[in-house]
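With CSV, C-alpha atoms inside, this is data_38.csv:
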```csv
chain,number,residue,atom,x,y,z
A,1,MET,CA,-23.9,-35.6,-11.3
A,2,SER,CA,-21.4,-38.5,-10.9
A,3,THR,CA,-19.2,-39.6,-13.7
A,4,LYS,CA,-20.8,-42.1,-16.0
A,5,ILE,CA,-18.6,-45.2,-16.7
A,6,ILE,CA,-19.4,-48.1,-19.1
A,7,VAL,CA,-17.9,-51.3,-17.9
A,8,GLY,CA,-17.3,-54.2,-20.3
A,9,VAL,CA,-18.8,-57.1,-18.4
A,10,SER,CA,-17.8,-60.6,-19.7
A,11,GLY,CA,-19.5,-62.8,-17.2
A,12,GLY,CA,-16.2,-63.5,-15.5
A,13,VAL,CA,-14.9,-62.5,-12.0
A,14,ASP,CA,-12.5,-59.8,-13.1
A,15,SER,CA,-15.1,-57.6,-14.9
A,16,SER,CA,-17.6,-58.4,-12.1
A,17,VAL,CA,-15.3,-56.9,-9.5
A,18,SER,CA,-14.3,-54.0,-11.7
A,19,ALA,CA,-18.0,-53.0,-11.9
A,20,LEU,CA,-18.5,-53.5,-8.2
A,21,LEU,CA,-15.5,-51.4,-7.2
A,22,LEU,CA,-16.5,-48.5,-9.5
A,23,GLN,CA,-20.1,-48.5,-8.2
A,24,GLN,CA,-18.8,-48.5,-4.6
A,25,GLN,CA,-16.7,-45.5,-5.4
A,26,GLY,CA,-19.9,-43.6,-6.3
A,27,PHE,CA,-19.7,-43.6,-10.1
A,28,ASP,CA,-22.7,-44.0,-12.4
A,29,VAL,CA,-22.0,-47.5,-13.7
A,30,THR,CA,-23.6,-49.4,-16.6
A,31,GLY,CA,-22.5,-52.9,-17.6
A,32,VAL,CA,-22.3,-53.9,-21.2
A,33,PHE,CA,-21.7,-57.4,-22.6
A,34,MET,CA,-20.0,-57.5,-26.0
A,35,LYS,CA,-20.8,-60.4,-28.2
A,36,ASN,CA,-17.9,-60.8,-30.7
A,37,TRP,CA,-18.6,-64.1,-32.3
A,38,GLU,CA,-21.6,-65.7,-34.0
A,39,GLU,CA,-21.5,-69.3,-33.0
A,40,ASP,CA,-23.6,-72.3,-34.1
A,41,ASP,CA,-26.4,-73.0,-31.6
A,42,SER,CA,-25.2,-76.6,-31.5
A,43,ASP,CA,-21.6,-75.6,-30.7
A,44,GLU,CA,-20.7,-77.5,-27.6
A,45,TYR,CA,-17.6,-75.3,-26.9
A,46,CYS,CA,-19.3,-72.0,-26.9
A,47,SER,CA,-20.2,-70.4,-23.6
A,48,SER,CA,-21.5,-67.0,-24.7
A,49,GLU,CA,-25.1,-67.7,-23.6
A,50,GLU,CA,-23.9,-68.8,-20.2
A,51,ASP,CA,-21.6,-65.8,-20.0
A,52,ILE,CA,-24.4,-63.4,-20.9
A,53,LYS,CA,-26.6,-64.8,-18.1
A,54,ASP,CA,-23.7,-64.5,-15.7
A,55,ALA,CA,-23.0,-60.9,-16.7
A,56,SER,CA,-26.7,-60.0,-16.5
A,57,HIS,CA,-27.0,-61.6,-13.1
A,58,ILE,CA,-23.9,-59.8,-11.8
A,59,CYS,CA,-25.2,-56.4,-12.9
A,60,GLU,CA,-28.5,-57.3,-11.1
A,61,GLN,CA,-26.7,-58.3,-8.0
A,62,ILE,CA,-24.6,-55.1,-8.0
A,63,GLY,CA,-27.6,-53.0,-8.9
A,64,ILE,CA,-26.5,-51.4,-12.2
A,65,PRO,CA,-28.1,-51.3,-15.6
A,66,PHE,CA,-27.2,-54.1,-18.1
A,67,GLN,CA,-27.0,-54.0,-21.9
A,68,LYS,CA,-25.8,-56.3,-24.7
A,69,ILE,CA,-24.1,-55.2,-27.9
A,70,ASN,CA,-23.2,-57.3,-30.9
A,71,PHE,CA,-19.8,-56.6,-32.5
A,72,ALA,CA,-19.5,-59.9,-34.4
A,73,ALA,CA,-19.4,-58.1,-37.8
A,74,GLU,CA,-16.7,-55.7,-36.7
A,75,TYR,CA,-14.8,-58.6,-35.2
A,76,TRP,CA,-14.9,-60.6,-38.4
A,77,ASP,CA,-13.8,-57.6,-40.5
A,78,TYR,CA,-11.1,-56.2,-38.3
A,79,VAL,CA,-9.8,-59.2,-36.3
A,80,PHE,CA,-10.7,-62.5,-37.7
A,81,GLU,CA,-9.9,-61.9,-41.4
A,82,TYR,CA,-6.4,-60.7,-40.3
A,83,PHE,CA,-6.1,-63.8,-38.1
A,84,LEU,CA,-6.8,-66.0,-41.1
A,85,GLU,CA,-4.4,-64.1,-43.4
A,86,GLU,CA,-1.6,-64.5,-40.9
A,87,TYR,CA,-2.1,-68.2,-40.5
A,88,LYS,CA,-2.3,-68.5,-44.3
A,89,ALA,CA,1.1,-66.8,-44.5
A,90,GLY,CA,2.6,-69.3,-42.0
A,91,ARG,CA,2.7,-66.9,-39.1
A,92,THR,CA,1.1,-67.2,-35.6
A,93,PRO,CA,-1.0,-64.2,-34.8
A,94,ASN,CA,-2.2,-62.9,-31.5
A,95,PRO,CA,-5.8,-61.8,-32.2
A,96,ASP,CA,-6.4,-60.8,-28.5
A,97,ILE,CA,-4.2,-57.8,-29.1
A,98,LEU,CA,-6.1,-56.7,-32.2
A,99,CYS,CA,-9.4,-57.4,-30.4
A,100,ASN,CA,-8.4,-54.9,-27.7
A,101,LYS,CA,-7.3,-52.3,-30.3
A,102,GLU,CA,-10.2,-52.6,-32.7
A,103,ILE,CA,-13.2,-53.9,-30.6
A,104,LYS,CA,-12.8,-53.2,-26.9
A,105,PHE,CA,-11.1,-49.9,-27.1
A,106,LYS,CA,-12.6,-48.7,-30.4
A,107,ALA,CA,-16.0,-50.1,-31.3
A,108,PHE,CA,-17.0,-50.5,-27.6
A,109,LEU,CA,-15.5,-47.1,-26.7
A,110,ASP,CA,-17.5,-45.5,-29.5
A,111,TYR,CA,-20.7,-47.2,-28.3
A,112,ALA,CA,-19.9,-46.2,-24.7
A,113,LYS,CA,-19.6,-42.5,-25.8
A,114,TRP,CA,-22.9,-42.9,-27.6
A,115,LEU,CA,-24.5,-44.1,-24.3
A,116,GLY,CA,-23.1,-40.9,-22.7
A,117,GLY,CA,-20.2,-42.6,-21.0
A,118,GLU,CA,-17.2,-40.5,-20.0
A,119,TYR,CA,-14.9,-43.6,-19.6
A,120,ILE,CA,-14.9,-47.3,-20.3
A,121,ALA,CA,-13.6,-49.8,-17.8
A,122,THR,CA,-12.4,-53.3,-18.3
A,123,GLY,CA,-11.1,-56.1,-16.0
A,124,HIS,CA,-7.6,-56.0,-17.4
A,125,TYR,CA,-4.7,-56.3,-14.9
A,126,ALA,CA,-2.9,-53.1,-16.0
A,127,ARG,CA,-2.6,-49.5,-14.7
A,128,LYS,CA,-2.8,-46.0,-16.2
A,129,ARG,CA,-0.9,-42.9,-15.1
A,130,THR,CA,-1.7,-39.5,-16.4
A,131,LEU,CA,1.3,-37.0,-16.4
A,132,ASP,CA,1.1,-33.3,-15.8
A,133,SER,CA,1.5,-32.8,-19.6
A,134,GLY,CA,-1.7,-34.8,-20.1
A,135,GLU,CA,0.1,-37.8,-21.6
A,136,CYS,CA,-1.2,-41.2,-20.5
A,137,GLN,CA,1.2,-44.0,-19.7
A,138,LEU,CA,0.3,-47.6,-19.6
A,139,LEU,CA,1.9,-49.4,-16.6
A,140,LYS,CA,2.2,-53.1,-15.7
A,141,GLY,CA,-0.5,-54.5,-13.3
A,142,LYS,CA,0.8,-54.7,-9.8
A,143,ASP,CA,0.1,-58.5,-9.9
A,144,HIS,CA,3.0,-59.5,-12.2
A,145,ASN,CA,1.6,-63.0,-12.5
A,146,LYS,CA,-1.5,-61.5,-14.2
A,147,ASP,CA,-0.1,-58.3,-15.8
A,148,GLN,CA,-1.9,-57.9,-19.1
A,149,SER,CA,-0.2,-54.8,-20.4
A,150,TYR,CA,1.3,-57.1,-23.1
A,151,PHE,CA,-2.1,-57.3,-24.7
A,152,LEU,CA,-2.8,-53.6,-24.5
A,153,HIS,CA,0.4,-52.3,-26.1
A,154,ALA,CA,-1.4,-51.4,-29.4
A,155,LEU,CA,-3.5,-48.7,-27.7
A,156,THR,CA,-3.2,-45.1,-28.6
A,157,GLN,CA,-3.3,-42.0,-26.4
A,158,ASP,CA,-6.9,-41.3,-27.4
A,159,GLN,CA,-7.9,-44.8,-26.4
A,160,LEU,CA,-6.0,-44.9,-23.2
A,161,ARG,CA,-7.3,-41.5,-22.1
A,162,PHE,CA,-10.9,-42.9,-21.9
A,163,ALA,CA,-9.9,-46.2,-20.3
A,164,LEU,CA,-10.0,-47.3,-16.6
A,165,PHE,CA,-8.5,-50.4,-15.1
A,166,PRO,CA,-10.0,-50.9,-11.7
A,167,LEU,CA,-8.0,-54.1,-11.0
A,168,GLY,CA,-4.6,-52.6,-11.8
A,169,GLU,CA,-3.5,-52.4,-8.1
A,170,LEU,CA,-4.9,-55.7,-7.1
A,171,ALA,CA,-3.7,-59.3,-7.0
A,172,LYS,CA,-5.9,-62.0,-8.5
A,173,PRO,CA,-6.5,-63.8,-5.2
A,174,THR,CA,-7.7,-60.5,-3.7
A,175,VAL,CA,-10.1,-60.0,-6.6
A,176,ARG,CA,-11.7,-63.4,-5.9
A,177,GLU,CA,-11.9,-62.6,-2.2
A,178,ILE,CA,-13.7,-59.4,-2.9
A,179,ALA,CA,-16.2,-61.2,-5.2
A,180,LYS,CA,-16.8,-63.9,-2.5
A,181,ALA,CA,-17.2,-61.3,0.3
A,182,HIS,CA,-20.0,-59.6,-1.8
A,183,ASN,CA,-21.5,-63.0,-2.7
A,184,LEU,CA,-21.0,-62.3,-6.4
A,185,SER,CA,-22.0,-65.4,-8.4
A,186,THR,CA,-18.8,-65.4,-10.4
A,187,HIS,CA,-16.4,-65.5,-7.4
A,188,SER,CA,-15.3,-69.1,-8.2
A,189,LYS,CA,-15.9,-69.1,-11.9
A,190,LYS,CA,-13.0,-70.6,-13.9
A,191,ASP,CA,-10.9,-68.1,-15.9
A,192,SER,CA,-11.5,-68.2,-19.6
A,193,THR,CA,-8.6,-69.6,-21.6
A,194,GLY,CA,-7.4,-69.4,-25.2
A,195,ILE,CA,-8.5,-67.0,-27.9
A,196,CYS,CA,-11.8,-65.3,-27.1
A,197,PHE,CA,-13.8,-66.8,-30.0
A,198,ILE,CA,-12.2,-70.2,-30.0
A,199,GLY,CA,-12.5,-70.9,-26.3
A,200,GLU,CA,-12.0,-74.5,-25.3
A,201,ARG,CA,-12.6,-76.0,-28.7
A,202,LYS,CA,-10.0,-78.0,-30.6
A,203,PHE,CA,-7.9,-75.5,-32.5
A,204,LYS,CA,-7.1,-77.8,-35.5
A,205,SER,CA,-10.7,-78.6,-36.3
A,206,PHE,CA,-11.7,-75.0,-35.9
A,207,LEU,CA,-9.0,-73.6,-38.2
A,208,SER,CA,-9.6,-76.3,-40.8
A,209,GLN,CA,-13.2,-74.9,-41.3
A,210,TYR,CA,-11.7,-71.7,-42.7
A,211,LEU,CA,-8.4,-72.6,-44.3
A,212,PRO,CA,-7.5,-75.7,-46.4
A,213,ALA,CA,-4.7,-77.7,-44.8
A,214,LYS,CA,-1.9,-79.0,-47.0
A,215,ARG,CA,0.0,-82.0,-45.6
A,216,GLY,CA,3.8,-82.0,-46.0
A,217,GLU,CA,7.0,-83.5,-44.7
A,218,ILE,CA,8.8,-82.8,-41.5
A,219,HIS,CA,12.6,-82.6,-41.8
A,220,ASP,CA,15.4,-82.4,-39.3
A,221,GLU,CA,18.0,-79.6,-39.5
A,222,ASN,CA,20.0,-81.6,-42.0
A,223,GLY,CA,17.0,-82.0,-44.4
A,224,ILE,CA,16.3,-85.6,-43.6
A,225,LYS,CA,12.7,-86.6,-43.6
A,226,ILE,CA,11.5,-87.7,-40.1
A,227,GLY,CA,7.7,-87.5,-40.4
A,228,MET,CA,4.7,-85.8,-41.9
A,229,HIS,CA,2.8,-82.7,-40.8
A,230,ASP,CA,-0.9,-81.9,-41.2
A,231,GLY,CA,-0.4,-78.4,-42.4
A,232,LEU,CA,2.1,-75.7,-41.5
A,233,MET,CA,-0.6,-73.4,-40.0
A,234,TYR,CA,-1.2,-75.9,-37.2
A,235,TYR,CA,2.3,-75.5,-35.7
A,236,THR,CA,4.1,-72.7,-33.9
A,237,ILE,CA,7.8,-72.3,-33.2
A,238,GLY,CA,8.9,-74.1,-30.1
A,239,GLN,CA,5.9,-76.4,-30.1
A,240,ARG,CA,6.5,-79.9,-28.7
A,241,GLN,CA,3.1,-81.6,-28.5
A,242,GLY,CA,1.4,-82.9,-31.6
A,243,LEU,CA,4.4,-83.2,-33.9
A,244,GLY,CA,3.7,-87.0,-34.2
A,245,ILE,CA,7.4,-87.8,-34.5
A,246,GLY,CA,8.1,-91.3,-33.2
A,247,GLY,CA,11.4,-93.0,-32.6
A,248,VAL,CA,13.9,-91.9,-35.4
A,249,LYS,CA,16.6,-94.3,-36.4
A,250,ASN,CA,20.1,-93.4,-35.0
A,251,ARG,CA,18.7,-90.5,-33.0
A,252,PRO,CA,18.5,-90.3,-29.2
A,253,GLU,CA,15.2,-90.5,-27.3
A,254,ILE,CA,15.0,-86.7,-26.8
A,255,PRO,CA,11.8,-84.6,-27.5
A,256,TRP,CA,11.4,-82.9,-30.9
A,257,PHE,CA,10.4,-79.3,-31.3
A,258,ALA,CA,9.1,-77.3,-34.2
A,259,ALA,CA,11.9,-74.9,-35.1
A,260,GLU,CA,11.2,-73.3,-38.6
A,261,LYS,CA,8.7,-73.3,-41.4
A,262,ASP,CA,9.8,-73.6,-45.0
A,263,LEU,CA,6.7,-72.2,-46.7
A,264,GLN,CA,8.1,-72.5,-50.2
A,265,ASN,CA,8.5,-76.3,-49.9
A,266,ASN,CA,5.8,-76.8,-47.3
A,267,VAL,CA,8.3,-78.4,-44.9
A,268,LEU,CA,8.3,-78.2,-41.1
A,269,ILE,CA,11.8,-78.3,-39.7
A,270,ALA,CA,12.0,-80.0,-36.3
A,271,VAL,CA,15.0,-80.3,-33.9
A,272,GLN,CA,15.8,-82.3,-30.8
A,273,GLY,CA,16.4,-80.6,-27.4
A,274,HIS,CA,14.6,-77.7,-25.7
A,275,ASP,CA,17.5,-75.3,-26.3
A,276,HIS,CA,18.7,-76.4,-29.7
A,277,PRO,CA,20.6,-73.6,-31.5
A,278,LEU,CA,17.8,-73.3,-34.2
A,279,LEU,CA,15.4,-72.4,-31.4
A,280,LEU,CA,17.6,-69.7,-30.0
A,281,LYS,CA,17.9,-66.3,-31.6
A,282,GLN,CA,19.5,-63.1,-30.4
A,283,SER,CA,17.7,-60.6,-32.7
A,284,LEU,CA,14.4,-59.9,-34.4
A,285,TYR,CA,12.8,-57.5,-36.8
A,286,ALA,CA,9.4,-55.9,-36.0
A,287,ILE,CA,6.9,-54.0,-38.1
A,288,ASN,CA,3.6,-52.1,-37.5
A,289,LEU,CA,5.0,-50.5,-34.4
A,290,ASN,CA,2.7,-48.6,-32.0
A,291,TRP,CA,4.3,-46.3,-29.4
A,292,ILE,CA,1.8,-45.4,-26.7
A,293,SER,CA,3.2,-41.9,-26.2
A,294,GLY,CA,2.8,-41.3,-29.9
A,295,LYS,CA,6.5,-41.7,-30.8
A,296,ALA,CA,9.5,-43.9,-30.1
A,297,PRO,CA,11.7,-42.9,-27.1
A,298,ASN,CA,14.7,-42.4,-29.4
A,299,GLN,CA,16.1,-43.6,-32.8
A,300,ALA,CA,18.2,-46.1,-30.7
A,301,PHE,CA,17.7,-47.0,-27.1
A,302,HIS,CA,18.1,-49.7,-24.4
A,303,CYS,CA,15.0,-51.2,-22.8
A,304,ASN,CA,13.4,-54.5,-21.8
A,305,ALA,CA,11.1,-56.5,-24.0
A,306,LYS,CA,8.8,-59.6,-24.0
A,307,THR,CA,8.3,-61.7,-27.1
A,308,ARG,CA,5.4,-63.6,-25.5
A,309,TYR,CA,2.9,-63.1,-22.7
A,310,ARG,CA,4.2,-63.9,-19.1
A,311,GLN,CA,7.8,-64.0,-20.3
A,312,ALA,CA,10.2,-62.3,-17.9
A,313,ASP,CA,11.6,-59.0,-19.1
A,314,GLN,CA,14.6,-59.4,-21.4
A,315,ALA,CA,17.2,-56.6,-21.8
A,316,CYS,CA,17.6,-55.4,-25.4
A,317,PHE,CA,18.8,-52.7,-27.7
A,318,VAL,CA,16.3,-51.2,-30.2
A,319,GLN,CA,17.1,-49.4,-33.4
A,320,ILE,CA,14.4,-47.7,-35.4
A,321,ASP,CA,15.0,-47.7,-39.2
A,322,ASP,CA,13.9,-45.2,-41.8
A,323,GLU,CA,10.6,-47.1,-42.3
A,324,GLY,CA,9.8,-46.8,-38.6
A,325,ASN,CA,10.4,-50.5,-38.0
A,326,ALA,CA,12.5,-52.0,-35.3
A,327,GLN,CA,15.7,-54.1,-35.2
A,328,VAL,CA,15.9,-55.6,-31.7
A,329,GLU,CA,19.1,-57.1,-30.3
A,330,PHE,CA,18.8,-59.0,-27.1
A,331,ASP,CA,21.6,-59.3,-24.5
A,332,THR,CA,21.1,-63.0,-24.4
A,333,PRO,CA,19.6,-65.5,-26.9
A,334,GLN,CA,15.8,-65.9,-26.8
A,335,ARG,CA,14.0,-69.1,-27.3
A,336,ALA,CA,11.2,-69.7,-29.9
A,337,ILE,CA,10.8,-66.1,-31.2
A,338,THR,CA,7.7,-66.5,-33.3
A,339,PRO,CA,6.8,-64.5,-36.5
A,340,GLY,CA,3.3,-63.0,-36.2
A,341,GLN,CA,3.5,-62.7,-32.4
A,342,SER,CA,4.2,-59.3,-30.7
A,343,VAL,CA,7.4,-57.9,-29.2
A,344,VAL,CA,6.4,-55.5,-26.4
A,345,PHE,CA,8.8,-52.9,-25.0
A,346,TYR,CA,9.1,-51.8,-21.4
A,347,GLN,CA,11.0,-49.2,-19.4
A,348,ASP,CA,10.7,-50.5,-15.8
A,349,GLU,CA,6.9,-50.5,-15.2
A,350,ILE,CA,6.0,-48.5,-18.2
A,351,CYS,CA,4.8,-50.2,-21.4
A,352,LEU,CA,6.3,-48.2,-24.2
A,353,GLY,CA,4.5,-50.0,-27.1
A,354,GLY,CA,5.3,-52.8,-29.5
A,355,GLY,CA,5.0,-54.4,-32.9
A,356,ILE,CA,4.6,-57.5,-34.9
A,357,ILE,CA,7.6,-59.9,-35.2
A,358,THR,CA,8.5,-60.8,-38.8
```

Give the structure from this file in structure tokens form.
Amino acid sequence: MSTKIIVGVSGGVDSSVSALLLQQQGFDVTGVFMKNWEEDDSDEYCSSEEDIKDASHICEQIGIPFQKINFAAEYWDYVFEYFLEEYKAGRTPNPDILCNKEIKFKAFLDYAKWLGGEYIATGHYARKRTLDSGECQLLKGKDHNKDQSYFLHALTQDQLRFALFPLGELAKPTVREIAKAHNLSTHSKKDSTGICFIGERKFKSFLSQYLPAKRGEIHDENGIKIGMHDGLMYYTIGQRQGLGIGGVKNRPEIPWFAAEKDLQNNVLIAVQGHDHPLLLKQSLYAINLNWISGKAPNQAFHCNAKTRYRQADQACFVQIDDEGNAQVEFDTPQRAITPGQSVVFYQDEICLGGGIIT
């Protein structure tokens, strides 16, 4: 009997081609659509019904069984509540990372095993390598423009062992070509953007439904008031758009950027210039570290790191303290290091793991 693989089908081209490739390789493939958010029927921004139809149609085209599963309760408990708490604390979380850890590679993996699946597969652009020792390594996707290992750094050995990434060796244009060559209905479908449950909707109005906004002052680096903000939770470090700072007396016509948040006084500090010193930092501290191998490479080691998705690798030195947290010193100053986001560590193509920037 052929190996049974449960593919997470989202209604997009990446998961469509993942399912197709596995079926062509002779595996027993089932497509499962995960619904992670309960939206209002009148919600103009939600595309889940359309996505379900697309996912169902793709499975029919390929000739594999299709199922739906609702993880909205799990998503709320394990991802969304954390998301709100982080924003309430003035940080900028990355819920997609937690969604992978708690939903796609935990709740979905458990469900796939219940269905009799031996592996799960997703449309992530990443690769897995299994060593002779049995240890699984997470590698960057071959298409470095699409590499999504950053979002998978919180996976454990047990999760990675059961995961397959059929697109890991492919470039995105090739994936679309494969979809088109097989007349898959998703071949030209636009990639989804933004956080999975927010989609295309306006972020400020969405967040204000769950957290009360408290207006406050915007100051420059010298403590001089230069405007008003709508609530610190709406701004992220390095942000330029939406600050609402007009011409400031005796200041040059140079763009303003959010640089720091003074939570105690509810003040947003903004500076002029893309590379203002307040936006550049050479070190960071990270907690809640996950090492994919199960342990840090050493108590102190050199590697590369990213502090945001699609950033080029940055050389750094990492020291692990007695609490298991990381002090990271970069070779060169980094722009807009943002509390709540993840720092992810790499050794060449290997994703070592990562943690939350404080």

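Residues in contact with Phe151 in chain A at 8 Å, where only C-alpha atoms are counted and same-chain residues fewer than 6 positions away are skipped, are listed as A:Asp96, A:Ile97, A:Asn100, A:Tyr309.
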
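Of the listed residues A:Asp54, A:Asp110, A:Asp313, A:Glu260, the one whose atoms come nearest to Thr332 in chain A is A:Asp313, with distances taken using all atoms listed in the file.
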
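Among the candidates A:Leu232, A:Ala300, A:Ile226, A:Ala286, the residue lying nearest to Ala213 in chain A is A:Leu232 (atoms considered: all atoms listed in the file).
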
Using all atoms listed in the file, tabulate the residues of range 93-198 of chain A lying at most 7 Å from any atom of range 11-28 of chain A, each with its closest atom pair and that distance in Å to one decimal, by chain and increasing residue number, as JSON lines.
```
{"residue": "A:Thr122", "atom": "CA", "partner": "A:Ser15", "partner_atom": "CA", "distance": 6.1}
{"residue": "A:Gly123", "atom": "CA", "partner": "A:Ser15", "partner_atom": "CA", "distance": 4.4}
{"residue": "A:Pro166", "atom": "CA", "partner": "A:Ser18", "partner_atom": "CA", "distance": 5.3}
{"residue": "A:Leu167", "atom": "CA", "partner": "A:Ser18", "partner_atom": "CA", "distance": 6.3}
{"residue": "A:Val175", "atom": "CA", "partner": "A:Val17", "partner_atom": "CA", "distance": 6.7}
{"residue": "A:Arg176", "atom": "CA", "partner": "A:Val13", "partner_atom": "CA", "distance": 6.9}
{"residue": "A:Ala179", "atom": "CA", "partner": "A:Val17", "partner_atom": "CA", "distance": 6.1}
{"residue": "A:Thr186", "atom": "CA", "partner": "A:Val13", "partner_atom": "CA", "distance": 5.1}
{"residue": "A:His187", "atom": "CA", "partner": "A:Val13", "partner_atom": "CA", "distance": 5.7}
{"residue": "A:Lys189", "atom": "CA", "partner": "A:Gly12", "partner_atom": "CA", "distance": 6.7}
```

Dump as a CSV table (one decimal), in the coordinates of the input, selection limited to C-alpha atoms:
```csv
chain,number,residue,atom,x,y,z
A,122,THR,CA,-12.4,-53.3,-18.3
A,123,GLY,CA,-11.1,-56.1,-16.0
A,166,PRO,CA,-10.0,-50.9,-11.7
A,167,LEU,CA,-8.0,-54.1,-11.0
A,175,VAL,CA,-10.1,-60.0,-6.6
A,176,ARG,CA,-11.7,-63.4,-5.9
A,179,ALA,CA,-16.2,-61.2,-5.2
A,186,THR,CA,-18.8,-65.4,-10.4
A,187,HIS,CA,-16.4,-65.5,-7.4
A,189,LYS,CA,-15.9,-69.1,-11.9
```

I'd like the contact shell of Thr236 in chain A - 8 Å cut-off, all atoms listed in the file, skipping same-chain residues fewer than 5 positions apart - returned as an mmCIF file with C-alpha atoms, in the frame of the given file.
```
data_model
loop_
_atom_site.group_PDB
_atom_site.id
_atom_site.type_symbol
_atom_site.label_atom_id
_atom_site.label_comp_id
_atom_site.auth_asym_id
_atom_site.auth_seq_id
_atom_site.Cartn_x
_atom_site.Cartn_y
_atom_site.Cartn_z
ATOM 1 C CA ARG A 91 2.700 -66.900 -39.100
ATOM 2 C CA THR A 92 1.100 -67.200 -35.600
ATOM 3 C CA ALA A 258 9.100 -77.300 -34.200
ATOM 4 C CA THR A 338 7.700 -66.500 -33.300
#
```

Excluding range 61-68 of chain A and its own-chain neighbours fewer than 2 positions away, which residues fall within 6 Å of it when counting all atoms listed in the file? Please give them as a compact mmCIF listing (two decimals) with C-alpha atoms, keeping the file's coordinate frame.
```
# COMPACT_ATOMS: atom_id res chain seq x y z
CA THR A 30 -23.60 -49.40 -16.60
CA GLY A 31 -22.50 -52.90 -17.60
CA VAL A 32 -22.30 -53.90 -21.20
CA PHE A 33 -21.70 -57.40 -22.60
CA ILE A 58 -23.90 -59.80 -11.80
CA CYS A 59 -25.20 -56.40 -12.90
```

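Shortest separation to Arg240 in chain A among A:Leu280, A:Ala296, A:Ala55, A:Ala336 occurs at residue A:Ala336, atoms counted being all atoms listed in the file.
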
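Among the candidate residues A:Lys214, A:Ala73, A:Asn250, A:Ser342, the one lying nearest to Pro95 in chain A is A:Ser342, with distances computed using all atoms listed in the file.
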
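For the atom pair formed by CA of Ala259 in chain A and CA of Cys351 in chain A, the distance is 29.1 Å, given to one decimal.
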
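Distances to Ser149 in chain A were evaluated for A:Ile337, A:Ile292, A:Lys281, A:Leu243 using only C-alpha atoms, and the minimum falls at A:Ile292.
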
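Separating CA of Lys146 in chain A from CA of Ala171 in chain A is a distance of 7.8 Å.
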
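Minimum atom-to-atom distances from A:Ala163, A:Thr307, A:Gly354, A:Val248 to Asn288 in chain A were compared using all atoms listed in the file, and the lowest value belongs to A:Gly354.
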
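With only the atoms specified (all atoms listed in the file) counting, those residues at most 10 Å away from (-11.8, -55.8, -37.0) are Phe71, Ala72, Ala73, Glu74, Tyr75, Trp76, Asp77, Tyr78, Val79, Phe80, Glu81, Tyr82, Phe83, Pro95, Leu98, Cys99, Asn100, Lys101, Glu102, Ile103, Lys106 and Ala107 of chain A.
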
Range 212-221 of chain A rebuilt with N, CA, C and O atoms, output as a short mmCIF file (atom, residue, chain, number, x, y, z; two decimals), in the coordinates of the input:
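Saved result, rebuild07.cif, follows:
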```
data_model
loop_
_atom_site.label_atom_id
_atom_site.label_comp_id
_atom_site.auth_asym_id
_atom_site.auth_seq_id
_atom_site.Cartn_x
_atom_site.Cartn_y
_atom_site.Cartn_z
N PRO A 212 -7.82 -74.31 -45.97
CA PRO A 212 -7.50 -75.70 -46.40
C PRO A 212 -6.10 -76.08 -45.89
O PRO A 212 -5.15 -75.31 -46.00
N ALA A 213 -6.02 -77.24 -45.29
CA ALA A 213 -4.70 -77.70 -44.80
C ALA A 213 -4.00 -78.50 -45.87
O ALA A 213 -4.62 -79.23 -46.64
N LYS A 214 -2.70 -78.32 -45.95
CA LYS A 214 -1.90 -79.00 -47.00
C LYS A 214 -0.81 -79.83 -46.23
O LYS A 214 0.10 -79.27 -45.63
N ARG A 215 -0.95 -81.14 -46.26
CA ARG A 215 0.00 -82.00 -45.60
C ARG A 215 1.39 -81.87 -46.26
O ARG A 215 1.50 -81.54 -47.43
N GLY A 216 2.43 -82.12 -45.47
CA GLY A 216 3.80 -82.00 -46.00
C GLY A 216 4.75 -82.80 -45.11
O GLY A 216 4.36 -83.44 -44.14
N GLU A 217 6.01 -82.69 -45.46
CA GLU A 217 7.00 -83.50 -44.70
C GLU A 217 7.61 -82.66 -43.57
O GLU A 217 7.66 -81.43 -43.59
N ILE A 218 8.05 -83.41 -42.55
CA ILE A 218 8.80 -82.80 -41.50
C ILE A 218 10.28 -83.27 -41.67
O ILE A 218 10.55 -84.47 -41.86
N HIS A 219 11.19 -82.31 -41.67
CA HIS A 219 12.60 -82.60 -41.80
C HIS A 219 13.37 -82.23 -40.56
O HIS A 219 12.93 -81.34 -39.81
N ASP A 220 14.52 -82.88 -40.36
CA ASP A 220 15.40 -82.40 -39.30
C ASP A 220 16.26 -81.28 -39.83
O ASP A 220 16.12 -80.87 -41.00
N GLU A 221 17.17 -80.76 -39.04
CA GLU A 221 18.00 -79.60 -39.50
C GLU A 221 18.92 -79.92 -40.61
O GLU A 221 19.44 -79.00 -41.27
#
```
